[in-house]
Every structure is written in structure tokens, then in C-alpha cells.
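Trainee: Following this message is one structure expressed as C-alpha cells.
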Amino acid sequence: MMCRAPSATQPATAETQAITDKVKSQLEEKENKKFPVFKALEFKSELVAGKNYFIKVQAEEDDFAHIRVFESLPHENKPVALTSYQTNKGRHDKLTYF
């Protein structure tokens with residue numbers, strides 16, 4: 001993977017779901033609501049000074065969100081952070097850079 005070039009969209013993995021679980025409360029706080037479902041469906045990643053993840057998440061039965069999560073370099077020992085998000089997405093909306 002090249003720096004600053006997002007990967008192709010891939011099916012979510014257990015690692016992607018774990019990252020998604022770590023930022024769920026951050027999105028709930030920003031949106032001031034609880035999400036009954038928070039399932040990672042697919043993702044792209046981008047190597048920067050750490051890694052950006054662009055993740056399509058099923059947030060409710062028929063409601064989806066696209067979230068961008070930053071994972072710092074291991075030696076920095078920082079938690080993953082929700083850096084941006086888009087709500088009111090549909091199941092078939094393409095996951096793009098934002």
C-alpha cells in the first residue's frame with residue numbers, strides 16, 4: 001500500500017469490527033443517540049503517519065454511516081479516534097474518501 005493512496009474497498013474483518021467497536025461511543029456522543037446495531041461491512045485503509053480507516057457501518061436496520069478512524073503508530077500508544085463521519089447513508093452508497 002502506498003502512502004496517501006486509499007486501498008480498494010474490502011469486506012470488513014474481525015480487526016475492522018474491533019476498531020469500529022472502539023469508536024462507537026464517540027459517534028453516539030457526536031450524534032447524541034444510541035445505535036442498536038454497529039456492524040462494520042466494508043472498509044478502505046490509507047497509510048499516513050499511522051493509518052486511516054474508512055469504514056461503512058450498519059448503524060440501524062436500514063441506516064448506514066461512513067466513518068473515518070485514525071490509528072496512530074504503535075510507539076505513540078494512543079487510542080483509535082473517530083476523525084470524521086457521514087450519516088444517512090444507504091447500503092449501496094459507495095465508500096469514498098472524505
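The chains in the C-alpha cells are called A, B, ... from first to last as shown; in each chain the residues are counted from 1, and the ligands are counted from 1 in the order shown.
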Excluding segment 33-37 of chain A and any residue of its chain fewer than 2 positions from it, enumerate the residues within 12 Å of it, using only C-alpha atoms, and give them as a ChimeraX atom specification.

Mentor: /A:17,20-21,23-31,39-41,57-65,87

Trainee: Quick one, how far is atom CA of Val69 of chain A from atom CA of Arg91 of chain A?

Mentor: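 Here the two named atoms are 19.6 Å from each other.
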
Trainee: Report, in Å to a single decimal, how far apart atom CA of Ala14 of chain A and atom CA of Ala81 of chain A are.

Mentor: 17.9 Å

Trainee: From the list A:Ile19, A:Ala8, A:Lys51, A:Lys44, which residue is nearest Glu71 of chain A when using only C-alpha atoms?

Mentor: A:Lys51

Trainee: Select, from A:Ser7, A:Asn32, A:Thr83, A:Asn88, the residue with the minimum atom-to-atom distance to Glu46 of chain A, counting only C-alpha atoms.

Mentor: A:Ser7

Trainee: Pick out each residue of chain A that DSSP on the backbone tags as strand (DSSP E or B); I need them as a ChimeraX atom specification.

Mentor: /A:3,10-11,39-48,50-60,63-71,81-89

Trainee: Please indicate the distance in Å from atom CA of Glu76 of chain A to atom CA of Phe98 of chain A, rounded to one decimal place.

Mentor: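 Atom CA of Phe98 of chain A lies at a distance of 24.5 Å from atom CA of Glu76 of chain A.
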
Trainee: Just the alpha helix (DSSP H) stuff from chain A, please, per backbone DSSP, written as an MDAnalysis selection string.

Mentor: chainID A and resid 14:31

Trainee: Write the residues you've just listed into a file as a PDB file, in the first residue's frame, and include N, CA and C atoms for each of them.

Mentor:
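This is the output file out-v8.pdb:
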```
ATOM      1  N   ALA A  14     -12.466  -9.101  11.264  1.00  0.00           N
ATOM      2  CA  ALA A  14     -12.600  -9.030  12.723  1.00  0.00           C
ATOM      3  C   ALA A  14     -11.837  -7.825  13.264  1.00  0.00           C
ATOM      4  N   GLU A  15     -10.682  -7.517  12.676  1.00  0.00           N
ATOM      5  CA  GLU A  15      -9.895  -6.347  13.099  1.00  0.00           C
ATOM      6  C   GLU A  15     -10.673  -5.056  12.823  1.00  0.00           C
ATOM      7  N   THR A  16     -11.313  -4.978  11.658  1.00  0.00           N
ATOM      8  CA  THR A  16     -12.110  -3.788  11.327  1.00  0.00           C
ATOM      9  C   THR A  16     -13.256  -3.625  12.308  1.00  0.00           C
ATOM     10  N   GLN A  17     -13.924  -4.732  12.658  1.00  0.00           N
ATOM     11  CA  GLN A  17     -15.029  -4.657  13.616  1.00  0.00           C
ATOM     12  C   GLN A  17     -14.526  -4.214  14.990  1.00  0.00           C
ATOM     13  N   ALA A  18     -13.370  -4.683  15.387  1.00  0.00           N
ATOM     14  CA  ALA A  18     -12.804  -4.277  16.683  1.00  0.00           C
ATOM     15  C   ALA A  18     -12.532  -2.777  16.705  1.00  0.00           C
ATOM     16  N   ILE A  19     -12.009  -2.237  15.614  1.00  0.00           N
ATOM     17  CA  ILE A  19     -11.757  -0.791  15.512  1.00  0.00           C
ATOM     18  C   ILE A  19     -13.083  -0.041  15.564  1.00  0.00           C
ATOM     19  N   THR A  20     -14.073  -0.547  14.840  1.00  0.00           N
ATOM     20  CA  THR A  20     -15.402   0.067  14.820  1.00  0.00           C
ATOM     21  C   THR A  20     -16.005   0.088  16.223  1.00  0.00           C
ATOM     22  N   ASP A  21     -15.888  -1.013  16.931  1.00  0.00           N
ATOM     23  CA  ASP A  21     -16.422  -1.087  18.297  1.00  0.00           C
ATOM     24  C   ASP A  21     -15.785  -0.041  19.208  1.00  0.00           C
ATOM     25  N   LYS A  22     -14.501   0.236  18.993  1.00  0.00           N
ATOM     26  CA  LYS A  22     -13.792   1.197  19.849  1.00  0.00           C
ATOM     27  C   LYS A  22     -14.261   2.626  19.654  1.00  0.00           C
ATOM     28  N   VAL A  23     -14.824   2.953  18.478  1.00  0.00           N
ATOM     29  CA  VAL A  23     -15.246   4.341  18.235  1.00  0.00           C
ATOM     30  C   VAL A  23     -16.764   4.518  18.264  1.00  0.00           C
ATOM     31  N   LYS A  24     -17.500   3.442  18.520  1.00  0.00           N
ATOM     32  CA  LYS A  24     -18.961   3.531  18.551  1.00  0.00           C
ATOM     33  C   LYS A  24     -19.430   4.612  19.520  1.00  0.00           C
ATOM     34  N   SER A  25     -18.905   4.622  20.718  1.00  0.00           N
ATOM     35  CA  SER A  25     -19.347   5.605  21.722  1.00  0.00           C
ATOM     36  C   SER A  25     -19.012   7.035  21.293  1.00  0.00           C
ATOM     37  N   GLN A  26     -17.916   7.211  20.548  1.00  0.00           N
ATOM     38  CA  GLN A  26     -17.560   8.547  20.057  1.00  0.00           C
ATOM     39  C   GLN A  26     -18.619   9.063  19.084  1.00  0.00           C
ATOM     40  N   LEU A  27     -19.081   8.178  18.178  1.00  0.00           N
ATOM     41  CA  LEU A  27     -20.119   8.595  17.228  1.00  0.00           C
ATOM     42  C   LEU A  27     -21.448   8.809  17.940  1.00  0.00           C
ATOM     43  N   GLU A  28     -21.780   7.945  18.880  1.00  0.00           N
ATOM     44  CA  GLU A  28     -23.028   8.113  19.633  1.00  0.00           C
ATOM     45  C   GLU A  28     -23.031   9.451  20.363  1.00  0.00           C
ATOM     46  N   GLU A  29     -21.905   9.841  20.921  1.00  0.00           N
ATOM     47  CA  GLU A  29     -21.816  11.131  21.615  1.00  0.00           C
ATOM     48  C   GLU A  29     -21.992  12.291  20.638  1.00  0.00           C
ATOM     49  N   LYS A  30     -21.334  12.213  19.477  1.00  0.00           N
ATOM     50  CA  LYS A  30     -21.430  13.294  18.487  1.00  0.00           C
ATOM     51  C   LYS A  30     -22.845  13.412  17.915  1.00  0.00           C
ATOM     52  N   GLU A  31     -23.517  12.288  17.730  1.00  0.00           N
ATOM     53  CA  GLU A  31     -24.865  12.283  17.162  1.00  0.00           C
ATOM     54  C   GLU A  31     -25.954  12.355  18.232  1.00  0.00           C
TER      55      GLU A  31
END
```

Trainee: Tell me which protein, DNA and RNA residues are within 10 Å of Phe70 of chain A, counting only C-alpha atoms, leaving out same-chain ones fewer than 6 positions away, and put them as a list in words.

Mentor: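 Surrounding residues, per the criterion: Ile19, Ser45, Glu46, Leu47, Val48, Ala49, Gly50, Lys51, Asn52, Tyr53, Phe54, Lys78, Pro79, Val80, Ala81, Leu82, Thr83 and Ser84 of chain A.
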
Trainee: Measuring atom to atom with only C-alpha atoms, identify which of A:Ile67, A:Asn77, A:Ser72, A:Pro11 is nearest to Tyr97 of chain A.

Mentor: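 Of all the options, A:Ile67 lies closest to Tyr97 of chain A.
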